[in-house]
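S.K.: Here you go, final_24.csv (CSV, C-alpha atoms and all ligand atoms):
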```csv
chain,number,residue,atom,x,y,z
A,1,MET,CA,13.3,3.0,68.7
A,2,LEU,CA,9.7,3.1,70.1
A,3,PRO,CA,9.9,3.6,73.8
A,4,THR,CA,8.5,0.6,75.8
A,5,ARG,CA,5.6,1.5,78.1
A,6,SER,CA,7.3,0.2,81.2
A,7,ALA,CA,11.0,0.9,80.8
A,8,PRO,CA,12.3,2.9,83.7
A,9,ARG,CA,13.6,6.2,82.4
A,10,GLN,CA,15.4,9.1,84.2
A,11,ALA,CA,14.5,12.2,82.4
A,12,ALA,CA,17.5,14.3,81.6
A,13,TRP,CA,15.7,17.6,82.3
A,14,ASN,CA,15.6,16.5,85.9
A,15,ALA,CA,19.3,15.8,86.0
A,16,LYS,CA,19.8,19.1,87.9
A,17,PRO,CA,17.6,19.9,90.9
A,18,PRO,CA,15.0,22.6,90.3
A,19,HIS,CA,16.1,25.8,91.8
A,20,LEU,CA,13.9,28.5,93.2
A,21,ALA,CA,16.6,30.9,94.3
A,22,PHE,CA,14.1,33.6,95.1
A,23,GLU,CA,15.4,37.0,96.1
A,24,ALA,CA,19.0,36.0,95.6
A,25,PHE,CA,19.5,39.4,93.9
A,26,GLU,CA,18.0,42.8,93.9
A,27,GLY,CA,14.6,42.7,92.1
A,28,LEU,CA,14.2,44.7,88.9
A,29,ALA,CA,11.2,46.6,87.7
A,30,PRO,CA,9.4,44.2,85.3
A,31,GLU,CA,9.8,46.6,82.4
A,32,ALA,CA,13.6,46.9,83.0
A,33,GLU,CA,14.3,43.2,83.4
A,34,SER,CA,15.3,42.1,80.0
A,35,ALA,CA,17.0,45.3,79.1
A,36,ALA,CA,19.0,45.4,82.3
A,37,VAL,CA,20.5,41.9,82.1
A,38,PRO,CA,24.3,42.5,81.7
A,39,VAL,CA,25.7,41.3,78.4
A,40,ALA,CA,28.1,38.8,80.1
A,41,ALA,CA,25.2,37.3,82.2
A,42,GLN,CA,23.1,37.0,79.1
A,43,ALA,CA,25.9,35.2,77.2
A,44,LEU,CA,26.3,32.9,80.2
A,45,ALA,CA,22.6,32.1,80.2
A,46,GLU,CA,22.6,31.4,76.5
A,47,GLN,CA,25.7,29.1,77.0
A,48,SER,CA,23.9,27.2,79.7
A,49,VAL,CA,20.8,26.8,77.6
A,50,PHE,CA,23.0,25.5,74.7
A,51,ASP,CA,24.8,23.1,77.1
A,52,GLU,CA,21.5,21.8,78.6
A,53,ILE,CA,19.9,21.2,75.2
A,54,THR,CA,22.9,19.6,73.5
A,55,GLN,CA,23.6,17.3,76.5
A,56,GLY,CA,20.0,16.1,76.3
A,57,LEU,CA,20.3,15.5,72.6
A,58,LEU,CA,23.4,13.4,73.1
A,59,GLN,CA,21.8,11.2,75.8
A,60,GLN,CA,20.5,7.7,75.1
A,61,PRO,CA,17.6,8.1,74.6
A,62,ALA,CA,17.7,11.8,73.5
A,63,THR,CA,15.7,14.2,75.6
A,64,ILE,CA,14.5,17.8,75.4
A,65,SER,CA,13.1,19.5,78.5
A,66,PRO,CA,9.4,20.4,78.3
A,67,LYS,CA,10.3,23.9,79.4
A,68,PHE,CA,11.5,24.5,75.8
A,69,PHE,CA,8.0,24.0,74.4
A,70,TYR,CA,7.3,27.6,75.5
A,71,ASP,CA,8.3,30.2,73.0
A,72,GLN,CA,5.6,32.6,71.9
A,73,LEU,CA,4.0,30.1,69.5
A,74,GLY,CA,4.4,27.3,72.0
A,75,SER,CA,2.5,29.4,74.6
A,76,GLU,CA,-0.2,30.2,72.1
A,77,LEU,CA,-0.5,26.5,71.1
A,78,PHE,CA,-0.8,25.5,74.8
A,79,GLU,CA,-3.6,28.0,75.2
A,80,SER,CA,-5.4,26.3,72.2
A,81,ILE,CA,-4.8,22.9,73.8
A,82,THR,CA,-6.6,24.1,77.0
A,83,ARG,CA,-9.8,24.7,74.8
A,84,LEU,CA,-9.8,21.3,73.1
A,85,PRO,CA,-12.6,18.9,74.0
A,86,GLU,CA,-10.1,16.1,74.9
A,87,TYR,CA,-8.0,18.4,77.2
A,88,TYR,CA,-10.0,18.1,80.5
A,89,PRO,CA,-7.4,19.4,83.0
A,90,THR,CA,-7.8,23.1,82.5
A,91,ARG,CA,-11.6,23.2,82.5
A,92,THR,CA,-11.8,20.6,85.3
A,93,GLU,CA,-9.4,22.6,87.5
A,94,HIS,CA,-11.3,25.8,86.7
A,95,ALA,CA,-14.6,24.1,87.6
A,96,VAL,CA,-13.1,22.9,90.9
A,97,MET,CA,-11.9,26.4,91.7
A,98,GLN,CA,-15.3,27.9,90.8
A,99,GLN,CA,-17.4,25.4,92.7
A,100,HIS,CA,-15.3,25.7,95.8
A,101,ALA,CA,-14.4,29.4,95.5
A,102,ALA,CA,-15.8,30.4,98.8
A,103,GLU,CA,-14.1,27.6,100.8
A,104,ILE,CA,-10.8,28.1,99.0
A,105,ALA,CA,-11.0,31.9,99.7
A,106,ALA,CA,-11.7,31.2,103.4
A,107,ALA,CA,-8.8,28.8,103.7
A,108,VAL,CA,-6.3,30.9,101.8
A,109,GLY,CA,-7.3,34.4,103.2
A,110,GLN,CA,-7.5,37.8,101.7
A,111,GLY,CA,-4.9,40.4,100.9
A,112,ARG,CA,-2.1,38.0,100.1
A,113,THR,CA,0.9,38.3,97.9
A,114,LEU,CA,0.0,35.9,95.2
A,115,ILE,CA,3.0,34.4,93.3
A,116,GLU,CA,2.1,32.2,90.3
A,117,LEU,CA,4.7,29.9,89.0
A,118,GLY,CA,4.4,29.1,85.2
A,119,ALA,CA,1.7,31.7,85.0
A,120,GLY,CA,1.1,31.4,81.2
A,121,ASN,CA,-2.0,33.5,80.3
A,122,CYS,CA,-2.8,34.1,84.0
A,123,GLU,CA,-6.4,33.2,83.4
A,124,LYS,CA,-6.7,31.1,86.6
A,125,ALA,CA,-5.0,33.8,88.6
A,126,ARG,CA,-7.4,36.3,87.3
A,127,ALA,CA,-10.3,34.2,88.5
A,128,LEU,CA,-8.6,33.7,91.8
A,129,CYS,CA,-8.0,37.5,92.2
A,130,ARG,CA,-11.7,38.2,91.9
A,131,THR,CA,-12.4,36.2,95.1
A,132,LEU,CA,-9.1,36.6,97.0
A,133,ALA,CA,-8.4,40.3,96.4
A,134,PRO,CA,-4.6,39.9,96.8
A,135,ALA,CA,-2.5,43.0,97.6
A,136,CYS,CA,0.0,42.0,95.0
A,137,PHE,CA,0.4,39.5,92.1
A,138,VAL,CA,3.7,38.3,90.7
A,139,GLY,CA,3.5,36.1,87.6
A,140,VAL,CA,6.7,34.0,86.8
A,141,ASP,CA,7.1,32.3,83.5
A,142,ILE,CA,9.9,31.3,81.1
A,143,SER,CA,7.8,32.6,78.1
A,144,ALA,CA,8.5,36.2,79.0
A,145,ASP,CA,6.8,38.0,76.1
A,146,PHE,CA,3.7,35.9,76.4
A,147,LEU,CA,3.7,36.6,80.1
A,148,GLN,CA,4.0,40.4,79.6
A,149,GLY,CA,0.8,40.3,77.5
A,150,ALA,CA,-1.1,38.4,80.2
A,151,VAL,CA,0.1,40.7,82.9
A,152,ALA,CA,-1.0,43.7,80.9
A,153,ARG,CA,-4.5,42.3,80.8
A,154,MET,CA,-4.3,41.6,84.5
A,155,ARG,CA,-3.4,45.3,85.2
A,156,GLU,CA,-6.4,46.4,83.1
A,157,GLU,CA,-8.8,44.3,85.2
A,158,PHE,CA,-7.2,45.1,88.5
A,159,PRO,CA,-5.9,48.7,88.2
A,160,HIS,CA,-5.4,49.0,92.0
A,161,MET,CA,-3.4,45.8,92.5
A,162,ASP,CA,0.4,45.8,92.4
A,163,VAL,CA,1.0,43.4,89.4
A,164,ARG,CA,4.5,42.3,88.4
A,165,ALA,CA,5.9,40.0,85.7
A,166,VAL,CA,9.1,38.0,86.1
A,167,GLY,CA,10.4,36.3,83.0
A,168,ALA,CA,12.6,33.4,84.3
A,169,ASP,CA,13.3,29.7,84.2
A,170,MET,CA,12.3,28.7,87.7
A,171,THR,CA,14.5,25.6,87.5
A,172,ARG,CA,17.5,27.8,87.2
A,173,GLY,CA,16.7,30.5,89.8
A,174,VAL,CA,14.2,33.3,89.9
A,175,THR,CA,14.8,36.8,91.0
A,176,LEU,CA,11.6,38.1,92.7
A,177,PRO,CA,11.1,41.8,93.3
A,178,ALA,CA,13.2,42.6,96.4
A,179,ASN,CA,10.4,44.5,98.2
A,180,LEU,CA,7.9,41.7,98.3
A,181,PRO,CA,6.4,41.1,101.8
A,182,ARG,CA,7.8,38.0,103.5
A,183,THR,CA,4.5,37.3,105.3
A,184,GLY,CA,1.2,36.3,103.8
A,185,ARG,CA,2.5,34.8,100.6
A,186,LEU,CA,0.5,32.4,98.5
A,187,VAL,CA,2.3,30.4,95.9
A,188,PHE,CA,-0.1,29.3,93.1
A,189,TYR,CA,1.1,26.4,90.9
A,190,PRO,CA,-1.9,25.3,88.9
A,191,GLY,CA,-2.2,23.2,85.7
A,192,SER,CA,-0.6,20.1,87.3
A,193,SER,CA,2.7,21.4,86.1
A,194,ILE,CA,4.4,19.7,89.2
A,195,GLY,CA,3.7,16.5,87.2
A,196,ASN,CA,6.4,17.5,84.7
A,197,PHE,CA,9.1,16.7,87.4
A,198,ASP,CA,9.9,13.2,88.5
A,199,PRO,CA,9.0,12.6,92.2
A,200,PRO,CA,12.4,13.3,93.8
A,201,HIS,CA,12.7,16.6,91.9
A,202,ALA,CA,9.0,17.5,92.5
A,203,LEU,CA,9.9,17.0,96.2
A,204,MET,CA,12.8,19.5,95.9
A,205,LEU,CA,10.6,22.0,94.2
A,206,LEU,CA,7.9,21.7,96.8
A,207,GLU,CA,10.6,22.2,99.5
A,208,GLN,CA,11.7,25.4,97.8
A,209,MET,CA,8.1,26.5,97.6
A,210,ARG,CA,7.7,25.8,101.3
A,211,GLU,CA,10.7,27.9,102.2
A,212,LEU,CA,9.3,30.7,100.0
A,213,VAL,CA,5.9,30.8,101.8
A,214,ASP,CA,7.6,30.3,105.2
A,215,GLY,CA,9.0,33.8,104.7
A,216,GLU,CA,12.5,32.2,104.9
A,217,GLY,CA,12.2,31.8,108.6
A,218,GLU,CA,10.2,34.9,109.3
A,219,PRO,CA,8.0,34.3,112.4
A,220,GLY,CA,4.2,34.4,111.7
A,221,ALA,CA,4.8,34.1,107.9
A,222,ASP,CA,1.3,32.5,107.5
A,223,GLY,CA,2.0,31.5,103.9
A,224,GLY,CA,0.5,28.7,101.8
A,225,LEU,CA,0.6,26.9,98.5
A,226,LEU,CA,-2.4,26.4,96.2
A,227,ILE,CA,-1.5,23.7,93.7
A,228,GLY,CA,-3.4,21.7,91.0
A,229,ILE,CA,-2.9,18.0,90.7
A,230,ASP,CA,-4.1,15.8,87.8
A,231,LEU,CA,-5.4,12.5,89.3
A,232,PRO,CA,-5.1,9.0,87.7
A,233,LYS,CA,-8.1,8.0,85.5
A,234,GLU,CA,-9.0,5.8,82.5
A,235,VAL,CA,-6.0,5.4,80.1
A,236,GLU,CA,-8.2,6.3,77.1
A,237,VAL,CA,-9.1,9.7,78.7
A,238,LEU,CA,-5.5,10.4,79.6
A,239,GLU,CA,-4.0,9.5,76.2
A,240,ALA,CA,-6.7,11.4,74.2
A,241,ALA,CA,-5.9,14.6,76.3
A,242,TYR,CA,-2.2,14.4,75.0
A,243,ASP,CA,-3.0,13.3,71.5
A,244,ASP,CA,-6.1,15.2,70.3
A,245,ALA,CA,-7.9,14.5,67.1
A,246,ALA,CA,-7.2,18.0,65.7
A,247,GLY,CA,-3.5,17.5,66.1
A,248,VAL,CA,-2.9,20.6,68.2
A,249,THR,CA,-0.8,18.7,70.8
A,250,ALA,CA,1.2,17.2,67.9
A,251,ALA,CA,1.9,20.8,66.6
A,252,PHE,CA,2.8,21.9,70.2
A,253,ASN,CA,5.3,18.9,70.6
A,254,LEU,CA,6.8,19.4,67.1
A,255,ASN,CA,7.2,23.2,67.7
A,256,VAL,CA,9.9,22.4,70.3
A,257,LEU,CA,12.2,21.5,67.4
A,258,THR,CA,11.8,24.9,65.8
A,259,HIS,CA,12.4,26.6,69.1
A,260,VAL,CA,15.5,24.4,69.7
A,261,ASN,CA,16.8,25.4,66.2
A,262,ARG,CA,16.5,29.0,67.3
A,263,LEU,CA,18.1,28.5,70.6
A,264,ILE,CA,21.1,26.4,69.6
A,265,GLY,CA,21.3,26.8,65.8
A,266,SER,CA,20.5,23.2,65.1
A,267,ASN,CA,19.0,21.9,61.8
A,268,PHE,CA,15.9,19.9,62.9
A,269,ASP,CA,13.3,19.5,60.2
A,270,PRO,CA,10.0,19.1,62.1
A,271,ALA,CA,8.4,17.4,59.0
A,272,GLN,CA,10.7,14.4,59.6
A,273,TRP,CA,9.3,13.7,63.0
A,274,ARG,CA,6.0,12.6,64.4
A,275,HIS,CA,4.2,13.1,67.8
A,276,LEU,CA,3.7,10.2,70.2
A,277,ALA,CA,1.9,10.2,73.5
A,278,PHE,CA,1.0,7.3,75.8
A,279,PHE,CA,0.5,6.4,79.4
A,280,ASN,CA,3.3,4.6,81.2
A,281,THR,CA,1.5,2.5,83.8
A,282,LEU,CA,4.6,1.6,85.8
A,283,HIS,CA,5.4,5.2,86.5
A,284,SER,CA,1.8,6.5,86.4
A,285,ARG,CA,2.8,9.2,83.8
A,286,ILE,CA,1.9,10.3,80.4
A,287,GLU,CA,5.0,10.4,78.2
A,288,MET,CA,5.4,12.5,75.0
A,289,HIS,CA,8.0,11.7,72.4
A,290,LEU,CA,9.0,12.8,69.0
A,291,GLN,CA,9.8,9.9,66.7
A,292,ALA,CA,12.1,10.1,63.6
A,293,MET,CA,10.2,8.9,60.5
A,294,SER,CA,13.4,7.9,58.7
A,295,PRO,CA,17.1,7.7,59.5
A,296,LEU,CA,18.4,11.2,59.9
A,297,GLN,CA,21.2,13.3,61.3
A,298,VAL,CA,20.9,16.5,63.3
A,299,ARG,CA,23.8,19.0,63.5
A,300,TRP,CA,24.5,22.1,65.6
A,301,PRO,CA,27.3,24.7,65.8
A,302,GLY,CA,30.6,23.5,67.3
A,303,GLY,CA,30.6,20.2,65.4
A,304,GLY,CA,27.7,18.7,67.4
A,305,VAL,CA,25.9,15.9,65.7
A,306,ARG,CA,23.4,13.2,66.5
A,307,ASP,CA,22.3,10.4,64.3
A,308,PHE,CA,18.8,9.0,64.7
A,309,ALA,CA,17.6,5.6,63.3
A,310,ALA,CA,14.1,5.4,61.8
A,311,GLY,CA,11.7,5.0,64.7
A,312,GLU,CA,14.1,6.4,67.3
A,313,CYS,CA,12.6,8.9,69.8
A,314,ILE,CA,13.3,12.1,71.6
A,315,HIS,CA,11.6,12.2,75.0
A,316,THR,CA,10.0,15.6,75.4
A,317,GLU,CA,7.6,15.4,78.4
A,318,ASN,CA,6.5,13.4,81.4
A,319,SER,CA,3.2,14.2,83.2
A,320,TYR,CA,2.9,12.3,86.4
A,321,LYS,CA,-0.6,11.5,87.7
A,322,TYR,CA,-0.6,11.3,91.5
A,323,THR,CA,-3.3,9.9,93.8
A,324,LEU,CA,-4.3,12.4,96.4
A,325,PRO,CA,-2.7,10.3,99.3
A,326,ALA,CA,0.5,10.0,97.4
A,327,PHE,CA,0.6,13.7,96.7
A,328,THR,CA,-0.3,14.6,100.3
A,329,ASP,CA,2.6,12.4,101.4
A,330,LEU,CA,4.9,14.3,99.1
A,331,LEU,CA,3.7,17.6,100.5
A,332,ALA,CA,4.3,16.3,104.1
A,333,ARG,CA,7.8,15.3,103.2
A,334,ALA,CA,8.4,18.8,101.8
A,335,GLY,CA,7.3,20.3,105.1
A,336,PHE,CA,3.7,21.1,104.4
A,337,SER,CA,2.1,19.5,107.5
A,338,ARG,CA,-1.5,20.7,106.7
A,339,ALA,CA,-3.3,20.1,103.5
A,340,ARG,CA,-6.9,20.4,102.3
A,341,ALA,CA,-8.1,19.3,98.9
A,342,TRP,CA,-11.1,19.9,96.7
A,343,THR,CA,-11.9,17.7,93.7
A,344,ASP,CA,-14.6,17.5,90.9
A,345,PRO,CA,-17.4,15.0,91.1
A,346,ARG,CA,-15.5,12.5,88.9
A,347,ASP,CA,-12.3,12.9,91.0
A,348,TRP,CA,-10.3,13.8,87.9
A,349,PHE,CA,-8.5,16.8,89.3
A,350,ALA,CA,-7.6,18.1,92.7
A,351,VAL,CA,-6.8,21.6,93.9
A,352,VAL,CA,-4.8,21.4,97.2
A,353,HIS,CA,-4.1,24.1,99.7
A,354,ALA,CA,-1.1,23.3,101.8
A,355,GLN,CA,0.6,25.1,104.7
A,356,PRO,CA,3.8,24.4,106.6
A,401,LIG,C1,1.2,23.6,81.4
A,401,LIG,S1,1.4,25.4,81.3
A,401,LIG,C2,0.3,26.0,82.6
A,401,LIG,C3,-0.1,27.4,82.4
A,401,LIG,C4,-1.0,28.0,83.4
A,401,LIG,N1,-0.4,28.1,84.7
A,401,LIG,C5,-2.3,27.1,83.5
A,401,LIG,O1,-2.4,26.4,84.5
A,401,LIG,O2,-3.0,27.0,82.5
A,401,LIG,C6,3.0,25.5,82.0
A,401,LIG,C7,3.5,27.0,82.1
A,401,LIG,O3,4.7,27.0,82.8
A,401,LIG,C8,5.7,27.7,82.1
A,401,LIG,N2,7.0,27.1,82.3
A,401,LIG,C9,7.3,25.8,81.9
A,401,LIG,N3,8.6,25.6,82.4
A,401,LIG,C10,9.0,26.7,83.1
A,401,LIG,C11,10.1,27.0,83.8
A,401,LIG,N4,11.2,26.2,83.9
A,401,LIG,N5,10.2,28.2,84.4
A,401,LIG,C12,9.2,29.1,84.3
A,401,LIG,N6,8.0,28.8,83.7
A,401,LIG,C13,7.9,27.6,83.1
A,401,LIG,C14,5.2,27.7,80.6
A,401,LIG,O4,5.7,28.7,79.8
A,401,LIG,C15,3.7,27.6,80.7
A,401,LIG,O5,3.2,28.9,80.7
```
Render the structure in this file as structure tokens.
Ligand SMILES: C[S@@+](CC[C@H](N)C(=O)[O-])C[C@H]1O[C@@H](n2cnc3c(N)ncnc32)[C@H](O)[C@@H]1O
M.R.:
Amino acid sequence: MLPTRSAPRQAAWNAKPPHLAFEAFEGLAPEAESAAVPVAAQALAEQSVFDEITQGLLQQPATISPKFFYDQLGSELFESITRLPEYYPTRTEHAVMQQHAAEIAAAVGQGRTLIELGAGNCEKARALCRTLAPACFVGVDISADFLQGAVARMREEFPHMDVRAVGADMTRGVTLPANLPRTGRLVFYPGSSIGNFDPPHALMLLEQMRELVDGEGEPGADGGLLIGIDLPKEVEVLEAAYDDAAGVTAAFNLNVLTHVNRLIGSNFDPAQWRHLAFFNTLHSRIEMHLQAMSPLQVRWPGGGVRDFAAGECIHTENSYKYTLPAFTDLLARAGFSRARAWTDPRDWFAVVHAQP
């Protein structure tokens, strides 16, 4: 069925709290990470991915977490989206960071340990490194191969900087390199990715980020968070950004089905689905869905099956749009007592520096 614009909806991908279990284990050298994961642990991880996806598919309405957009092709499609005329967030955030680079650098400080969550192609971190000169950069991303390429380019540009890659799902726990300094950390979370979590889970994630920059209780930790927030604006502008004329966002949304087929062995045919994106005013969020164009059945190993009626949807993404006061309040509840924001002249996007 077509989702109603105002129906309250609890996204299944937020059913478990996000979990930034940083430094729970000994860190591994980035090159050794995937090879060194013990077979049993890998099987467990695969089982938990299988369980998470199939539980979402069996929900009413069905859901797939947006984190499963990002296989290699998904990451490349997202990079193409950022260059579309309709997709204002990336270029607006970049412009805010460029225009206020000196003030941001003064607020954040030099020589930090820069930890980017959901680093993607690391383009924004590269720009930041030119003004901040951090001592160390750690990129964390679920799309591990894509991240390795981005980090290699980072090492070329900054040969004297300690650059690390951590391929991990940050909602399931991240193992950061064990020898990272506990003081002077800057967590960088751009792209308005915090908007993919509903507010209670965004709060939990922010709390975990605050613990991380607090040096886990280390006195004089002097850490901070630099985070990008997409602000509310005209519905037409928002909806066009998630449903572009060239159909790149549609291809990105549909690619999740191919990725899911690979992850759980299901038999989705992307040609039987279409992309939907709209603004849900009640929840101040863009929603993306995939809609079945005819009655169909999806199967996966172990006897799993889900029937979809014509018009029925799978909910694949939320992107919450916060006002600055609402987001500053969320930060304060997460233990960030100081916050300073920079925006563009149209007030479309904010970059916020927050400290405990
Ligand atoms: C919207 S893109 C933003 C990329 C980049 N930071 C930017 O601002 O352009 C979201 C990024 O987060 C990554 N990501 C999504 N869910 C994740 C998760 N649960 N754990 C780690 N990375 C994740 C994706 O692979 C993707 O690179």
S.K.: Check which residues of chain A sit at most 8 Å from ligand LIG 401 (chain A) using only C-alpha atoms and all ligand atoms, and return one row each with the closest pair of atoms and their distance in Å to one decimal, ordered by chain and rising number, as CSV.
M.R.:
```
residue,atom,partner,partner_atom,distance
A:Pro66,CA,A:LIG401,N3,6.7
A:Lys67,CA,A:LIG401,N3,3.8
A:Phe68,CA,A:LIG401,N3,7.3
A:Phe69,CA,A:LIG401,O4,7.5
A:Tyr70,CA,A:LIG401,O4,4.7
A:Asp71,CA,A:LIG401,O4,7.4
A:Ser75,CA,A:LIG401,O4,6.1
A:Phe78,CA,A:LIG401,S1,6.9
A:Glu79,CA,A:LIG401,O2,7.4
A:Thr82,CA,A:LIG401,O2,7.2
A:Thr90,CA,A:LIG401,O2,6.2
A:Glu116,CA,A:LIG401,N1,7.4
A:Leu117,CA,A:LIG401,N6,6.3
A:Gly118,CA,A:LIG401,O3,3.2
A:Ala119,CA,A:LIG401,N1,4.2
A:Gly120,CA,A:LIG401,O5,3.3
A:Asn121,CA,A:LIG401,C4,6.4
A:Cys122,CA,A:LIG401,C4,6.4
A:Glu123,CA,A:LIG401,O2,7.1
A:Lys124,CA,A:LIG401,C5,6.7
A:Val140,CA,A:LIG401,C12,6.0
A:Asp141,CA,A:LIG401,N6,3.6
A:Ile142,CA,A:LIG401,C12,3.9
A:Ser143,CA,A:LIG401,O4,4.7
A:Leu147,CA,A:LIG401,O5,7.7
A:Gly167,CA,A:LIG401,C12,7.4
A:Ala168,CA,A:LIG401,C12,5.5
A:Asp169,CA,A:LIG401,N5,3.4
A:Met170,CA,A:LIG401,N5,3.9
A:Thr171,CA,A:LIG401,N4,4.9
A:Arg172,CA,A:LIG401,N4,7.3
A:Tyr189,CA,A:LIG401,N1,6.6
A:Pro190,CA,A:LIG401,O1,4.6
A:Gly191,CA,A:LIG401,O1,3.4
A:Ser192,CA,A:LIG401,C1,7.1
A:Ser193,CA,A:LIG401,C1,5.4
```
S.K.: Pick out the closest residue to Ala332 in chain A from this set: A:Glu207, A:Glu86, A:Asp222, A:Glu236. Count all atoms listed in the file.
M.R.: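 Checking each candidate against Ala332 in chain A, we get A:Glu207 as the closest.
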S.K.: Between A:Asp51, A:Glu287, A:Asp243, A:Asp307, single out the one closest to Phe197 in chain A, counting all atoms listed in the file.
M.R.: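 Smallest separation from Phe197 in chain A among the options: A:Glu287.
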S.K.: Restricting the calculation to all atoms listed in the file, which member of A:Lys321, A:Leu132, A:Val166, A:Asp198 is positioned closest to Val235 in chain A?
M.R.: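 The shortest atom-to-atom distance to Val235 in chain A comes from A:Lys321.
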S.K.: Using all atoms listed in the file, can you list as a list in words the residues within 8 Å of (21.9, 27.6, 71.5)?
M.R.: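 All residues meeting the 8 Å criterion around (21.9, 27.6, 71.5) are Glu46, Gln47, Val49, Phe50, Asp51, Ile53, Val260, Asn261, Arg262, Leu263, Ile264, Gly265 and Ser266 of chain A.
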S.K.: Mind checking which residues fall within 12 Å of Val96 in chain A, counting only C-alpha atoms, ignoring those fewer than 2 positions away in the same chain, and posting them as a CSV table (one decimal) with C-alpha atoms, in the frame of the given file?
M.R.:
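Writing the result to selection36.csv gives the following:
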```csv
chain,number,residue,atom,x,y,z
A,88,TYR,CA,-10.0,18.1,80.5
A,89,PRO,CA,-7.4,19.4,83.0
A,90,THR,CA,-7.8,23.1,82.5
A,91,ARG,CA,-11.6,23.2,82.5
A,92,THR,CA,-11.8,20.6,85.3
A,93,GLU,CA,-9.4,22.6,87.5
A,94,HIS,CA,-11.3,25.8,86.7
A,98,GLN,CA,-15.3,27.9,90.8
A,99,GLN,CA,-17.4,25.4,92.7
A,100,HIS,CA,-15.3,25.7,95.8
A,101,ALA,CA,-14.4,29.4,95.5
A,102,ALA,CA,-15.8,30.4,98.8
A,103,GLU,CA,-14.1,27.6,100.8
A,104,ILE,CA,-10.8,28.1,99.0
A,124,LYS,CA,-6.7,31.1,86.6
A,127,ALA,CA,-10.3,34.2,88.5
A,128,LEU,CA,-8.6,33.7,91.8
A,190,PRO,CA,-1.9,25.3,88.9
A,227,ILE,CA,-1.5,23.7,93.7
A,228,GLY,CA,-3.4,21.7,91.0
A,229,ILE,CA,-2.9,18.0,90.7
A,230,ASP,CA,-4.1,15.8,87.8
A,341,ALA,CA,-8.1,19.3,98.9
A,342,TRP,CA,-11.1,19.9,96.7
A,343,THR,CA,-11.9,17.7,93.7
A,344,ASP,CA,-14.6,17.5,90.9
A,345,PRO,CA,-17.4,15.0,91.1
A,346,ARG,CA,-15.5,12.5,88.9
A,347,ASP,CA,-12.3,12.9,91.0
A,348,TRP,CA,-10.3,13.8,87.9
A,349,PHE,CA,-8.5,16.8,89.3
A,350,ALA,CA,-7.6,18.1,92.7
A,351,VAL,CA,-6.8,21.6,93.9
A,352,VAL,CA,-4.8,21.4,97.2
```
S.K.: Go ahead and compute the interatomic distance for CA of Gly304 in chain A and CA of Phe268 in chain A, in Å to one decimal.
M.R.: 12.7 Å
S.K.: Quick one, how far is CA of Gly303 in chain A from CA of Leu73 in chain A?
M.R.: 28.7 Å
S.K.: I'd like the interatomic distance between CA of Leu180 in chain A and CA of Thr113 in chain A, to a tenth of an Å.
M.R.: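 The value is 7.8 Å.
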S.K.: From the set A:Ser294, A:Glu52, A:Ala241, A:Ala251, which residue has the shortest atom-to-atom contact distance to Arg83 in chain A, counting all atoms listed in the file?
M.R.: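 Of A:Ser294, A:Glu52, A:Ala241, A:Ala251, the one nearest Arg83 in chain A, counting all atoms listed in the file, is A:Ala241.
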S.K.: Point out the residue among A:Gly335, A:Pro270, A:Gly217, A:Pro232 with the least atom-to-atom distance to Ala250 in chain A, counting only C-alpha atoms.
M.R.: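 Nearest to Ala250 in chain A: A:Pro270.
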S.K.: Using all atoms listed in the file, pick whichever of A:Asn267, A:Ser337, A:Ser65, A:Asn255 has the shortest atom-to-atom distance to Leu225 in chain A.
M.R.: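 Of A:Asn267, A:Ser337, A:Ser65, A:Asn255, the one nearest Leu225 in chain A is A:Ser337, counting all atoms listed in the file.
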S.K.: Set the distance at 8 Å and use all atoms listed in the file: which residues neighbour Ala334 in chain A once local chain neighbours fewer than 4 positions away are removed? I'd like the list as a PDB file with C-alpha atoms, keeping the file's coordinate frame.
M.R.:
```pdb
ATOM      1  CA  LEU A 203       9.900  17.000  96.200  1.00  0.00           C
ATOM      2  CA  MET A 204      12.800  19.500  95.900  1.00  0.00           C
ATOM      3  CA  LEU A 206       7.900  21.700  96.800  1.00  0.00           C
ATOM      4  CA  GLU A 207      10.600  22.200  99.500  1.00  0.00           C
ATOM      5  CA  ARG A 210       7.700  25.800 101.300  1.00  0.00           C
ATOM      6  CA  LEU A 330       4.900  14.300  99.100  1.00  0.00           C
TER       7      LEU A 330
END
```
S.K.: Just the residues within 6 Å of Ile286 in chain A, please, counting only C-alpha atoms, with nothing from its chain fewer than 2 positions along; format it as number ranges by chain.
M.R.: A: 278-280, 318-319
S.K.: Can I get the selection written as a PDB file, in the coordinates of the input, with C-alpha atoms?
M.R.:
```pdb
ATOM      1  CA  PHE A 278       1.000   7.300  75.800  1.00  0.00           C
ATOM      2  CA  PHE A 279       0.500   6.400  79.400  1.00  0.00           C
ATOM      3  CA  ASN A 280       3.300   4.600  81.200  1.00  0.00           C
ATOM      4  CA  ASN A 318       6.500  13.400  81.400  1.00  0.00           C
ATOM      5  CA  SER A 319       3.200  14.200  83.200  1.00  0.00           C
TER       6      SER A 319
END
```
